[in-house]
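What follows is the content of work_7.cif, which has mmCIF, C-alpha atoms:
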data_final
loop_
_atom_site.label_atom_id
_atom_site.label_comp_id
_atom_site.auth_asym_id
_atom_site.auth_seq_id
_atom_site.Cartn_x
_atom_site.Cartn_y
_atom_site.Cartn_z
CA MET A 858 69.33 77.66 234.30
CA ASN A 859 71.17 74.56 233.13
CA ILE A 860 74.86 75.16 232.62
CA LEU A 861 77.61 73.08 231.03
CA LEU A 862 81.09 74.00 232.21
CA ALA A 863 83.99 72.73 230.07
CA GLU A 864 87.22 73.42 231.98
CA ASP A 865 90.19 71.06 232.18
CA GLU A 866 91.75 72.50 235.35
CA GLN A 867 90.12 70.30 237.97
CA GLN A 868 90.56 72.72 240.87
CA LEU A 869 89.14 75.73 239.01
CA SER A 870 86.29 73.58 237.69
CA ARG A 871 85.37 72.39 241.17
CA ALA A 872 85.37 75.94 242.56
CA LEU A 873 83.17 77.25 239.72
CA VAL A 874 80.74 74.31 239.92
CA THR A 875 80.36 74.78 243.67
CA ALA A 876 79.77 78.52 243.37
CA MET A 877 77.25 78.23 240.54
CA LYS A 878 75.37 75.40 242.25
CA ALA A 879 75.23 77.47 245.43
CA THR A 880 73.57 80.23 243.40
CA GLY A 881 70.87 77.78 242.33
CA TYR A 882 72.01 76.75 238.84
CA GLU A 883 72.22 73.17 237.61
CA VAL A 884 75.81 72.57 236.49
CA ASP A 885 77.47 69.66 234.64
CA PRO A 886 81.27 69.69 234.44
CA ALA A 887 83.20 68.45 231.38
CA TYR A 888 86.99 68.20 231.42
CA ASN A 889 87.76 68.38 227.72
CA GLY A 890 86.16 69.58 224.50
CA GLN A 891 85.14 66.12 223.36
CA GLU A 892 83.27 65.45 226.59
CA ALA A 893 81.54 68.85 226.33
CA VAL A 894 80.26 68.06 222.82
CA GLU A 895 78.99 64.66 223.97
CA LEU A 896 77.21 66.06 227.04
CA ALA A 897 75.63 68.84 224.96
CA ALA A 898 74.29 66.21 222.55
CA GLN A 899 72.51 64.43 225.42
CA ASN A 900 71.32 67.26 227.70
CA ALA A 901 69.64 70.63 227.22
CA TYR A 902 71.77 73.57 228.38
CA ASP A 903 70.90 77.25 228.55
CA VAL A 904 74.53 78.31 228.91
CA ILE A 905 77.77 76.60 227.90
CA ILE A 906 81.02 77.91 229.36
CA LEU A 907 83.99 76.78 227.25
CA ASP A 908 87.66 77.10 228.10
CA ILE A 909 89.73 77.51 224.95
CA MET A 910 92.84 75.57 225.91
CA MET A 911 91.60 72.04 226.54
CA PRO A 912 92.91 68.54 225.68
CA LYS A 913 91.37 66.27 223.00
CA LEU A 914 89.28 68.99 221.42
CA ASN A 915 89.97 72.68 222.12
CA GLY A 916 87.19 75.14 222.96
CA ILE A 917 87.03 76.71 219.49
CA GLU A 918 86.70 73.33 217.77
CA ALA A 919 84.13 72.17 220.31
CA LEU A 920 82.14 75.37 219.75
CA LYS A 921 82.22 74.92 215.96
CA GLN A 922 80.92 71.36 216.33
CA LEU A 923 78.16 72.47 218.73
CA ARG A 924 76.93 75.18 216.37
CA GLN A 925 77.14 72.80 213.43
CA GLN A 926 74.87 70.41 215.30
CA GLY A 927 72.39 73.26 215.70
CA ASN A 928 73.06 73.97 219.38
CA LYS A 929 71.67 77.44 220.16
CA ALA A 930 72.84 77.71 223.79
CA TYR A 931 74.43 80.95 225.03
CA VAL A 932 78.17 80.33 224.92
CA ILE A 933 80.75 82.09 227.10
CA MET A 934 84.40 81.49 226.15
CA LEU A 935 87.20 81.56 228.71
CA THR A 936 90.26 83.07 226.99
CA ALA A 937 93.78 84.00 227.97
CA MET A 938 94.32 87.70 228.67
CA ALA A 939 96.93 88.14 225.93
CA GLU A 940 95.15 86.39 223.09
CA ILE A 941 92.99 88.92 221.28
CA ASP A 942 92.91 86.54 218.30
CA ASP A 943 91.33 83.84 220.48
CA ARG A 944 88.48 86.15 221.41
CA VAL A 945 87.89 87.18 217.81
CA THR A 946 88.04 83.57 216.59
CA GLY A 947 85.71 82.52 219.41
CA LEU A 948 83.12 85.21 218.73
CA ASP A 949 83.30 84.52 215.00
CA ALA A 950 82.85 80.79 215.63
CA GLY A 951 79.55 81.52 217.36
CA ALA A 952 80.38 82.50 220.96
CA ASP A 953 78.13 85.10 222.61
CA ASP A 954 80.51 86.46 225.23
CA TYR A 955 83.96 85.87 226.70
CA LEU A 956 85.79 86.22 229.98
CA THR A 957 89.56 86.67 230.15
CA LYS A 958 91.51 84.47 232.51
CA PRO A 959 92.14 84.99 235.32
CA PHE A 960 88.61 86.20 235.97
CA SER A 961 86.78 86.79 239.21
CA LEU A 962 83.97 84.47 240.23
CA LYS A 963 81.93 87.59 241.07
CA GLU A 964 82.09 88.71 237.45
CA LEU A 965 81.04 85.31 236.06
CA LEU A 966 78.02 85.19 238.39
CA ALA A 967 77.09 88.78 237.48
CA ARG A 968 77.16 87.86 233.78
CA LEU A 969 74.89 84.89 234.41
CA ARG A 970 72.46 87.12 236.31
CA SER A 971 72.52 89.67 233.50
CA LEU A 972 71.77 86.89 231.03
CA GLU A 973 68.83 85.67 233.11
CA ARG A 974 67.40 89.20 233.24
CA ARG A 975 67.71 89.50 229.48
CA SER A 976 65.82 86.25 228.91
CA ASP A 977 63.18 86.63 231.63
CA ASP A 978 62.47 90.23 232.60
CA TYR A 979 62.98 91.88 229.26
CA GLN A 980 60.74 89.47 227.40
CA GLU A 981 57.74 90.31 229.44
CA ASP A 982 54.98 87.72 229.32
CA VAL A 983 52.29 90.29 229.90
CA LEU A 984 52.26 93.90 228.66
CA ASN A 985 49.77 96.59 229.64
CA PHE A 986 48.83 99.89 228.03
CA ALA A 987 45.70 101.94 228.78
CA ASP A 988 42.84 99.40 228.93
CA ILE A 989 44.54 96.63 226.96
CA THR A 990 46.60 93.65 228.09
CA LEU A 991 48.75 91.55 225.79
CA ASP A 992 49.69 88.04 226.89
CA ASN A 993 52.75 87.26 224.75
CA ASP A 994 52.88 83.67 225.83
CA GLU A 995 49.25 82.90 225.05
CA GLN A 996 49.16 85.28 222.05
CA ARG A 997 46.00 86.81 223.47
CA LEU A 998 44.76 90.40 223.49
CA GLU A 999 42.42 91.35 226.32
CA SER A 1000 40.35 94.38 227.13
CA HIS A 1001 36.61 94.23 227.79
CA ASN A 1002 36.73 91.02 225.80
CA SER A 1003 39.52 88.79 224.52
CA ILE A 1004 40.78 87.58 221.15
CA ALA A 1005 43.63 85.42 219.85
CA LEU A 1006 46.49 86.97 217.88
CA SER A 1007 48.80 85.41 215.29
CA GLY A 1008 52.55 85.29 215.95
CA LYS A 1009 53.26 88.36 213.81
CA GLU A 1010 50.36 90.34 215.28
CA THR A 1011 51.69 89.56 218.77
CA LYS A 1012 55.21 90.73 217.90
CA LEU A 1013 53.95 93.94 216.31
CA LEU A 1014 51.54 94.80 219.10
CA ALA A 1015 54.20 94.06 221.75
CA TYR A 1016 56.55 96.51 220.01
CA PHE A 1017 53.80 99.14 219.82
CA MET A 1018 53.01 98.63 223.52
CA LYS A 1019 56.66 99.04 224.49
CA ASN A 1020 56.75 102.28 222.48
CA PRO A 1021 53.34 103.91 222.92
CA GLY A 1022 52.84 107.40 221.51
CA LYS A 1023 55.93 107.16 219.29
CA ALA A 1024 55.71 107.44 215.50
CA LEU A 1025 57.14 104.10 214.28
CA SER A 1026 58.24 103.81 210.66
CA SER A 1027 57.15 100.98 208.38
CA GLU A 1028 60.77 99.89 208.11
CA LEU A 1029 61.15 99.57 211.87
CA LEU A 1030 57.88 97.65 212.20
CA LEU A 1031 58.70 95.29 209.32
CA ASP A 1032 62.00 94.53 211.10
CA GLN A 1033 60.09 93.63 214.27
CA GLY A 1034 57.48 91.35 212.77
CA TRP A 1035 59.17 89.72 209.82
CA ASP A 1036 62.44 87.95 208.98
CA LYS A 1037 64.63 89.44 206.26
CA ASP A 1038 63.91 86.50 203.94
CA ASP A 1039 60.12 86.94 204.24
CA GLU A 1040 60.51 89.83 201.76
CA ALA A 1041 57.54 91.54 203.38
CA ASP A 1042 56.63 95.01 202.13
CA GLU A 1043 54.53 97.97 203.24
CA THR A 1044 51.35 96.33 201.96
CA ASP A 1045 51.94 93.24 204.12
CA LEU A 1046 52.47 95.55 207.09
CA TRP A 1047 49.32 97.49 206.23
CA ILE A 1048 47.24 94.28 206.24
CA TYR A 1049 48.57 93.36 209.69
CA ILE A 1050 47.96 96.89 210.99
CA SER A 1051 44.37 96.50 209.70
CA TYR A 1052 43.98 93.16 211.52
CA LEU A 1053 45.26 94.71 214.74
CA ARG A 1054 42.97 97.72 214.43
CA GLN A 1055 39.92 95.51 213.95
CA LYS A 1056 40.96 93.25 216.79
CA LEU A 1057 41.46 96.23 219.12
CA ARG A 1058 37.98 97.38 218.14
CA SER A 1059 36.47 93.94 218.63
CA VAL A 1060 37.69 93.74 222.23
CA ASN A 1061 36.23 97.20 222.81
CA ALA A 1062 39.65 98.71 223.53
CA HIS A 1063 40.13 102.43 223.95
CA VAL A 1064 43.38 102.09 222.06
CA THR A 1065 44.05 102.31 218.35
CA ILE A 1066 46.87 102.48 215.84
CA ILE A 1067 47.00 105.82 214.06
CA GLY A 1068 48.55 106.17 210.61
CA GLU A 1069 47.96 105.81 206.89
CA LYS A 1070 49.23 103.05 204.59
CA GLY A 1071 53.01 103.51 204.30
CA GLY A 1072 53.37 104.70 207.86
CA PRO A 1073 54.49 105.94 210.29
CA PHE A 1074 52.16 104.34 212.84
CA THR A 1075 51.48 105.31 216.46
CA LEU A 1076 49.74 103.41 219.22
CA ALA A 1077 47.42 105.85 220.96
CA GLN A 1078 44.63 105.99 223.50
CA THR A 1079 41.20 106.99 222.28
CA THR A 1080 38.57 108.71 224.36
CA ALA A 1081 35.62 106.62 225.48
CA MET B 1024 -2.07 70.38 230.81
CA ASP B 1025 -0.72 72.68 228.14
CA ILE B 1026 1.79 75.30 229.19
CA TYR B 1027 0.90 77.59 226.25
CA GLY B 1028 -2.89 77.16 226.70
CA THR B 1029 -5.02 78.20 223.76
CA ALA B 1030 -2.04 79.94 222.17
CA THR B 1031 -0.38 76.57 221.41
CA PRO B 1032 -1.48 76.31 217.73
CA HIS B 1033 -0.58 79.95 217.05
CA LEU B 1034 3.04 79.74 218.09
CA PRO B 1035 4.29 77.75 215.06
CA GLN B 1036 2.16 80.01 212.83
CA LEU B 1037 3.74 83.16 214.22
CA LEU B 1038 7.20 81.56 214.05
CA ASP B 1039 6.66 80.97 210.32
CA GLN B 1040 5.42 84.52 209.80
CA VAL B 1041 8.42 86.10 211.53
CA MET B 1042 10.87 83.85 209.69
CA ASP B 1043 9.23 84.88 206.40
CA ARG B 1044 9.61 88.53 207.36
CA ILE B 1045 13.30 88.05 208.11
CA ARG B 1046 13.70 86.26 204.74
CA ASP B 1047 12.05 89.29 203.13
CA LEU B 1048 14.55 91.62 204.79
CA SER B 1049 17.39 89.60 203.27
CA ASN B 1050 15.73 89.43 199.85
CA LYS B 1051 15.42 93.20 199.88
CA GLU B 1052 19.18 93.52 200.50
CA VAL B 1053 19.94 91.23 197.57
CA ALA B 1054 17.50 93.19 195.37
CA ASN B 1055 19.54 96.30 196.23
CA ASP B 1056 22.84 94.65 195.19
CA ARG B 1057 24.00 94.08 198.74
CA PRO B 1058 25.10 90.68 200.12
CA LYS B 1059 22.37 88.50 201.67
CA LEU B 1060 21.89 89.14 205.38
CA TYR B 1061 22.52 85.64 206.65
CA GLU B 1062 23.72 82.20 205.68
CA HIS B 1063 20.79 80.34 207.24
CA LEU B 1064 17.85 80.72 209.59
CA ILE B 1065 16.50 78.24 212.08
CA GLY B 1066 13.50 78.57 214.34
CA ARG B 1067 11.76 76.61 217.06
CA VAL B 1068 8.91 76.81 219.52
CA LYS B 1069 10.30 75.98 222.95
CA ALA B 1070 9.20 72.45 223.90
CA GLN B 1071 6.48 72.23 226.56
CA ALA B 1072 8.74 70.37 229.00
CA SER B 1073 11.61 72.88 228.72
CA MET B 1074 9.22 75.79 229.20
CA GLU B 1075 7.66 74.20 232.28
CA GLU B 1076 11.13 73.54 233.66
CA LYS B 1077 12.15 77.15 232.98
CA CYS B 1078 9.06 78.57 234.75
CA ARG B 1079 9.78 76.42 237.80
CA ARG B 1080 13.45 77.35 237.79
CA LYS B 1081 12.58 81.06 237.67
CA GLY B 1082 9.92 80.65 240.38
CA TYR B 1083 7.03 81.62 238.10
CA PRO B 1084 3.61 79.94 238.29
CA VAL B 1085 3.43 77.28 235.55
CA THR B 1086 0.83 79.09 233.45
CA PRO B 1087 0.42 80.35 229.86
CA GLU B 1088 0.86 83.89 231.22
CA SER B 1089 4.32 83.09 232.61
CA ALA B 1090 5.33 81.10 229.54
CA LEU B 1091 4.33 83.85 227.12
CA THR B 1092 4.89 87.12 228.96
CA LYS B 1093 7.44 86.53 231.76
CA CYS B 1094 9.54 84.18 229.61
CA LYS B 1095 10.23 85.81 226.30
CA ASP B 1096 11.72 82.94 224.34
CA ALA B 1097 8.72 80.68 223.62
CA ILE B 1098 9.38 81.56 219.98
CA GLY B 1099 13.07 81.60 219.07
CA ILE B 1100 14.85 82.28 215.81
CA ARG B 1101 18.56 81.97 215.13
CA VAL B 1102 20.10 84.04 212.35
CA VAL B 1103 23.46 82.56 211.36
CA CYS B 1104 25.63 84.91 209.27
CA ASN B 1105 28.80 84.52 207.23
CA PHE B 1106 30.55 87.61 208.58
CA ILE B 1107 30.44 89.89 211.61
CA ASP B 1108 29.22 92.95 209.70
CA ASP B 1109 26.34 90.84 208.33
CA VAL B 1110 25.29 90.27 211.95
CA TYR B 1111 25.22 94.01 212.61
CA ARG B 1112 23.51 94.74 209.28
CA SER B 1113 20.81 92.18 210.17
CA ILE B 1114 20.31 93.81 213.57
CA ASP B 1115 19.97 97.20 211.91
CA ARG B 1116 17.36 95.95 209.41
CA ILE B 1117 15.35 94.21 212.16
CA LYS B 1118 15.41 97.34 214.32
CA ASN B 1119 14.11 99.39 211.42
CA ALA B 1120 11.36 96.92 210.48
CA ASP B 1121 7.82 98.21 211.01
CA TRP B 1122 6.39 94.86 212.22
CA CYS B 1123 8.31 94.72 215.49
CA THR B 1124 9.85 96.69 218.34
CA VAL B 1125 13.09 95.70 220.06
CA VAL B 1126 12.37 95.48 223.79
CA GLU B 1127 15.64 93.91 224.97
CA GLU B 1128 19.12 93.75 223.53
CA LYS B 1129 22.24 91.90 224.68
CA ASP B 1130 25.54 92.22 222.84
CA TYR B 1131 27.61 89.17 223.78
CA ILE B 1132 29.77 89.78 220.71
CA THR B 1133 31.47 92.92 222.05
CA ASN B 1134 31.10 91.62 225.59
CA ALA B 1135 31.59 87.85 225.37
CA LYS B 1136 30.39 85.76 228.31
CA PRO B 1137 33.23 84.57 230.58
CA ASN B 1138 33.04 81.06 229.08
CA GLY B 1139 33.68 82.51 225.59
CA TYR B 1140 30.07 82.55 224.31
CA ARG B 1141 29.52 85.13 221.58
CA SER B 1142 26.14 86.02 220.11
CA TYR B 1143 23.78 89.00 219.82
CA HIS B 1144 20.36 88.58 221.43
CA LEU B 1145 17.25 90.60 220.66
CA ILE B 1146 13.81 90.27 222.19
CA LEU B 1147 11.17 91.51 219.79
CA ASP B 1148 7.63 92.56 220.53
CA VAL B 1149 5.74 91.44 217.43
CA GLU B 1150 2.25 92.59 216.51
CA THR B 1151 -0.01 89.93 214.99
CA ASP B 1152 -3.62 89.25 213.99
CA LEU B 1153 -3.37 85.91 215.79
CA PRO B 1154 -5.06 85.72 219.21
CA ASP B 1155 -2.98 85.61 222.41
CA TYR B 1156 -3.44 83.18 225.34
CA LEU B 1157 -6.45 85.23 226.54
CA GLY B 1158 -8.10 84.83 223.11
CA GLN B 1159 -7.71 88.52 222.26
CA ALA B 1160 -6.78 89.56 218.74
CA PRO B 1161 -4.92 91.42 217.36
CA SER B 1162 -2.22 90.75 219.94
CA HIS B 1163 1.46 90.94 220.81
CA TYR B 1164 3.97 88.13 221.22
CA PHE B 1165 7.61 88.12 222.27
CA VAL B 1166 10.13 86.53 219.89
CA GLU B 1167 13.76 85.95 220.78
CA ILE B 1168 16.29 86.40 217.98
CA GLN B 1169 19.88 85.15 218.33
CA LEU B 1170 22.30 86.47 215.74
CA ARG B 1171 25.82 85.13 215.30
CA THR B 1172 28.44 84.09 212.76
CA ILE B 1173 28.90 80.49 211.57
CA ALA B 1174 32.06 80.27 213.72
CA MET B 1175 30.20 81.49 216.84
CA ASP B 1176 27.40 79.03 216.04
CA SER B 1177 29.75 76.03 215.75
CA TRP B 1178 31.39 77.03 219.01
CA ALA B 1179 28.00 77.24 220.74
CA SER B 1180 27.15 73.72 219.48
CA LEU B 1181 30.37 72.38 220.94
CA GLU B 1182 29.80 74.12 224.25
CA HIS B 1183 26.23 72.80 224.30
CA GLU B 1184 27.49 69.23 223.82
CA MET B 1185 29.82 69.59 226.76
CA LYS B 1186 27.17 71.22 228.98
CA TYR B 1187 24.68 68.42 228.45
CA LYS B 1188 27.12 65.54 228.86
CA HIS B 1189 26.59 63.98 232.29
CA HIS B 1190 30.21 63.14 232.76
CA VAL B 1191 33.16 64.96 231.21
CA ASN B 1192 36.74 64.12 232.16
CA ASP B 1193 38.60 67.12 233.53
CA PRO B 1194 35.91 69.72 232.75
CA GLU B 1195 38.11 72.65 233.86
CA ARG B 1196 40.66 71.85 231.18
CA ILE B 1197 37.96 71.45 228.52
CA GLU B 1198 36.43 74.79 229.58
CA LYS B 1199 39.81 76.47 229.32
CA GLU B 1200 40.37 75.03 225.85
CA LEU B 1201 36.85 76.08 224.80
CA ARG B 1202 37.62 79.62 225.90
CA ARG B 1203 40.87 79.62 223.98
CA CYS B 1204 39.07 78.25 220.95
CA ALA B 1205 36.43 81.01 221.21
CA ASP B 1206 39.23 83.62 221.11
CA GLN B 1207 40.73 81.95 218.03
CA LEU B 1208 37.39 81.80 216.24
CA ALA B 1209 36.80 85.47 217.09
CA SER B 1210 40.23 86.12 215.61
CA CYS B 1211 39.25 84.34 212.35
CA ASP B 1212 35.95 86.24 212.19
CA VAL B 1213 37.78 89.57 212.56
CA GLN B 1214 40.41 88.50 210.04
CA MET B 1215 37.76 87.54 207.44
CA GLN B 1216 35.97 90.81 208.13
CA THR B 1217 39.18 92.76 207.57
CA ILE B 1218 40.02 90.91 204.35
CA ARG B 1219 36.48 91.56 203.10
CA GLN B 1220 36.99 95.29 203.76
CA LEU B 1221 40.36 95.26 201.97
CA ILE B 1222 38.68 93.62 198.96
CA ASN B 1223 35.87 96.18 198.96
CA GLU B 1224 38.28 99.10 199.34
CA SER B 1225 40.19 97.98 196.25
CA ASN B 1226 37.03 98.18 194.11
#
Show me, as structure tokens, the structure contained in the file I just sent.
Amino acid sequence: MNILLAEDEQQLSRALVTAMKATGYEVDPAYNGQEAVELAAQNAYDVIILDIMMPKLNGIEALKQLRQQGNKAYVIMLTAMAEIDDRVTGLDAGADDYLTKPFSLKELLARLRSLERRSDDYQEDVLNFADITLDNDEQRLESHNSIALSGKETKLLAYFMKNPGKALSSELLLDQGWDKDDEADETDLWIYISYLRQKLRSVNAHVTIIGEKGGPFTLAQTTA
Amino acid sequence: MDIYGTATPHLPQLLDQVMDRIRDLSNKEVANDRPKLYEHLIGRVKAQASMEEKCRRKGYPVTPESALTKCKDAIGIRVVCNFIDDVYRSIDRIKNADWCTVVEEKDYITNAKPNGYRSYHLILDVETDLPDYLGQAPSHYFVEIQLRTIAMDSWASLEHEMKYKHHVNDPERIEKELRRCADQLASCDVQMQTIRQLINESN
């Protein structure tokens, strides 16, 4: 992971940079908010750690500018213990998490590990159920044969494969495959369920999606 | 020397007859208010040189007997369909036709070859009044039928181009892309099939 650390206390910054580099992360230090914004404009970061009290541009202002520029990095704010308002303002300005100062290095590293798990392990590249394999990355369904899936088909099938045997409502499935502003309805879902059924059949899978138009739908194994 | 012997003039004749019979099968569908069976038909008699090469490759003696009984694709017809269910409907009509018997069947649509090739192959035993290579009539000939969708057919043309190029840069990468492309075309075929069903269900 590439990390940007914006912290004006030189000694603390050095200690954090050393510890995170020792763990295997790439870390760039910035010593004020302005510098952080400039570095983030030039380099790609997965995580940005922002102290709130910083010269030139404080952490909240820097965060607002970053988000305005479309930066989607995971942002952890470093706030003072007493300032509940800082945390609320930070989260509302687009921060993802916060740590209250003084914090232990152990806790910061644990949060980074947790974040890595969330982005790697929990978005599994390859899912398996019965005799089918879904490659999320390649958007490919495999069984005795293989076939390409569209983005929405991949999202829907992945959700089915993570919840096999469960009756999933149309509402839940629409939430998984479509954005709110797509204004997709049960008929759209039904068409995609039909595509997936045919594709499962075309790869000779012993798996199907049970359910009538309107839902609920269940991913189930079929007998050979 | 002629690899097909005295049967040489009869092969194009039989090819024409079988193609006419397949055209009839499709005409019958249309007469019964069903969609035509296929988009187009093509046929060929395997060139002398390719047949000789095939006999040698397979270790058969280079004789009319090998070319016409051990090899079963001297006469070949390709049935290219618009949609997947047209492929299966064509297979069904051919199997039920009284002028032939299916002696071999390979479904590379449900079980695509590892390179991505999809097609359905039938070997027919066709009865005819024409004489065989021994001069006996009536006789039997083998005819190979390949059935596939337009998408599968275009893919096969592309793969054929790559296979017969003497030098291709980075063939592994091209093969990988061809495989990916085959999966995408299969996806389109299934999608069109599904949409066609949705249209028919709403009638």
Report as JSON lines: every residue of chain A with an atom at most 8 Å from chain B, its closest pair of atoms, and their distance in Å to one decimal, counting all atoms listed in the file, with rows sorted by chain and ascending residue number.
{"residue": "A:Arg997", "atom": "CA", "partner": "B:Asp1206", "partner_atom": "CA", "distance": 7.8}
{"residue": "A:His1001", "atom": "CA", "partner": "B:Asn1134", "partner_atom": "CA", "distance": 6.5}
{"residue": "A:Asn1002", "atom": "CA", "partner": "B:Asn1134", "partner_atom": "CA", "distance": 5.7}
{"residue": "A:Ser1003", "atom": "CA", "partner": "B:Asp1206", "partner_atom": "CA", "distance": 6.2}
{"residue": "A:Ile1004", "atom": "CA", "partner": "B:Asp1206", "partner_atom": "CA", "distance": 4.3}
{"residue": "A:Ala1005", "atom": "CA", "partner": "B:Gln1207", "partner_atom": "CA", "distance": 4.9}
{"residue": "A:Leu1006", "atom": "CA", "partner": "B:Ser1210", "partner_atom": "CA", "distance": 6.7}
{"residue": "A:Ser1051", "atom": "CA", "partner": "B:Thr1217", "partner_atom": "CA", "distance": 6.7}
{"residue": "A:Tyr1052", "atom": "CA", "partner": "B:Gln1214", "partner_atom": "CA", "distance": 6.1}
{"residue": "A:Gln1055", "atom": "CA", "partner": "B:Val1213", "partner_atom": "CA", "distance": 6.5}
{"residue": "A:Lys1056", "atom": "CA", "partner": "B:Val1213", "partner_atom": "CA", "distance": 6.4}
{"residue": "A:Ser1059", "atom": "CA", "partner": "B:Thr1133", "partner_atom": "CA", "distance": 6.1}
{"residue": "A:Val1060", "atom": "CA", "partner": "B:Thr1133", "partner_atom": "CA", "distance": 6.3}
{"residue": "A:Asn1061", "atom": "CA", "partner": "B:Thr1133", "partner_atom": "CA", "distance": 6.4}
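Between B:Glu1128 and the candidates B:Leu1170, B:Cys1104, B:Val1041, B:Val1149, the tightest atom-to-atom separation, counting all atoms listed in the file, involves B:Leu1170.
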Practice item. Spell out the residues picked by the PyMOL selection byres ((chain A and resi 1071-1081) around 8) here, as an MDAnalysis selection string. Key: chainID A and resid 987 1017:1018 1020:1027 1043:1044 1047 1063:1070
**Study point:** Straight-line distance linking atom CA of A:Leu1029 with atom CA of A:Leu1046, stated in Å to one decimal
**Key:** 10.7 Å
Take the PyMOL selection byres ((chain A and resi 886-898) around 12), apply it to the structure above, and return the hits as a tab-separated table (two decimals) with C-alpha atoms, in the frame of the given file.
chain	number	residue	atom	x	y	z
A	859	ASN	CA	71.17	74.56	233.13
A	860	ILE	CA	74.86	75.16	232.62
A	861	LEU	CA	77.61	73.08	231.03
A	862	LEU	CA	81.09	74.00	232.21
A	863	ALA	CA	83.99	72.73	230.07
A	864	GLU	CA	87.22	73.42	231.98
A	865	ASP	CA	90.19	71.06	232.18
A	866	GLU	CA	91.75	72.50	235.35
A	867	GLN	CA	90.12	70.30	237.97
A	868	GLN	CA	90.56	72.72	240.87
A	869	LEU	CA	89.14	75.73	239.01
A	870	SER	CA	86.29	73.58	237.69
A	871	ARG	CA	85.37	72.39	241.17
A	872	ALA	CA	85.37	75.94	242.56
A	873	LEU	CA	83.17	77.25	239.72
A	874	VAL	CA	80.74	74.31	239.92
A	875	THR	CA	80.36	74.78	243.67
A	877	MET	CA	77.25	78.23	240.54
A	878	LYS	CA	75.37	75.40	242.25
A	883	GLU	CA	72.22	73.17	237.61
A	884	VAL	CA	75.81	72.57	236.49
A	885	ASP	CA	77.47	69.66	234.64
A	899	GLN	CA	72.51	64.43	225.42
A	900	ASN	CA	71.32	67.26	227.70
A	901	ALA	CA	69.64	70.63	227.22
A	902	TYR	CA	71.77	73.57	228.38
A	903	ASP	CA	70.90	77.25	228.55
A	904	VAL	CA	74.53	78.31	228.91
A	905	ILE	CA	77.77	76.60	227.90
A	906	ILE	CA	81.02	77.91	229.36
A	907	LEU	CA	83.99	76.78	227.25
A	908	ASP	CA	87.66	77.10	228.10
A	909	ILE	CA	89.73	77.51	224.95
A	910	MET	CA	92.84	75.57	225.91
A	911	MET	CA	91.60	72.04	226.54
A	912	PRO	CA	92.91	68.54	225.68
A	913	LYS	CA	91.37	66.27	223.00
A	914	LEU	CA	89.28	68.99	221.42
A	915	ASN	CA	89.97	72.68	222.12
A	916	GLY	CA	87.19	75.14	222.96
A	917	ILE	CA	87.03	76.71	219.49
A	918	GLU	CA	86.70	73.33	217.77
A	919	ALA	CA	84.13	72.17	220.31
A	920	LEU	CA	82.14	75.37	219.75
A	921	LYS	CA	82.22	74.92	215.96
A	922	GLN	CA	80.92	71.36	216.33
A	923	LEU	CA	78.16	72.47	218.73
A	924	ARG	CA	76.93	75.18	216.37
A	925	GLN	CA	77.14	72.80	213.43
A	926	GLN	CA	74.87	70.41	215.30
A	927	GLY	CA	72.39	73.26	215.70
A	928	ASN	CA	73.06	73.97	219.38
A	929	LYS	CA	71.67	77.44	220.16
A	930	ALA	CA	72.84	77.71	223.79
A	932	VAL	CA	78.17	80.33	224.92
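Here the PyMOL selection byres ((chain B and resi 1103) around 8) captures the residues Tyr1061, Glu1062, His1063, Leu1064, Arg1101, Val1102, Cys1104, Asn1105, Val1110, Leu1170, Arg1171, Thr1172, Ile1173 and Asp1176 of chain B.
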For those residues, write C-alpha atoms to a file as a PDB file, keeping the file's coordinate frame.
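The file below, result-v9.pdb, is the result:
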ATOM      1  CA  TYR B1061      22.520  85.640 206.650  1.00  0.00           C
ATOM      2  CA  GLU B1062      23.720  82.200 205.680  1.00  0.00           C
ATOM      3  CA  HIS B1063      20.790  80.340 207.240  1.00  0.00           C
ATOM      4  CA  LEU B1064      17.850  80.720 209.590  1.00  0.00           C
ATOM      5  CA  ARG B1101      18.560  81.970 215.130  1.00  0.00           C
ATOM      6  CA  VAL B1102      20.100  84.040 212.350  1.00  0.00           C
ATOM      7  CA  CYS B1104      25.630  84.910 209.270  1.00  0.00           C
ATOM      8  CA  ASN B1105      28.800  84.520 207.230  1.00  0.00           C
ATOM      9  CA  VAL B1110      25.290  90.270 211.950  1.00  0.00           C
ATOM     10  CA  LEU B1170      22.300  86.470 215.740  1.00  0.00           C
ATOM     11  CA  ARG B1171      25.820  85.130 215.300  1.00  0.00           C
ATOM     12  CA  THR B1172      28.440  84.090 212.760  1.00  0.00           C
ATOM     13  CA  ILE B1173      28.900  80.490 211.570  1.00  0.00           C
ATOM     14  CA  ASP B1176      27.400  79.030 216.040  1.00  0.00           C
TER      15      ASP B1176
END
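With atom CA of B:Arg1044 on one side and atom CA of B:Thr1092 on the other, the separation reads 22.2 Å.
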**Study point:** Polymer residues at most 10 Å from B:Met1074, all atoms listed in the file, same-chain spacing of 4 or more positions, as a PyMOL selection string
**Key:** chain B and resi 1026-1027+1068-1070+1078-1080+1085-1087+1089-1091+1094+1096-1097
Study note, to complete from the structure: What separates atom CA of B:Met1185 and atom CA of A:Leu991 is a distance of 29.0 Å
Exercise for review: Would you kindly return, as a PyMOL selection string, each protein, DNA or RNA residue with an atom no farther than 9 Å from any atom of stretch 969-978 of chain A, considering all atoms listed in the file and excluding same-chain residues fewer than 4 positions away?
Suggested key: chain A and resi 858+904+931+964-965+982
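Distance annotation: of A:Asp943, A:Glu1040, A:Tyr1049, A:Asp1032, the residue with the minimal separation from A:Leu1014 is A:Tyr1049; atom set is all atoms listed in the file.
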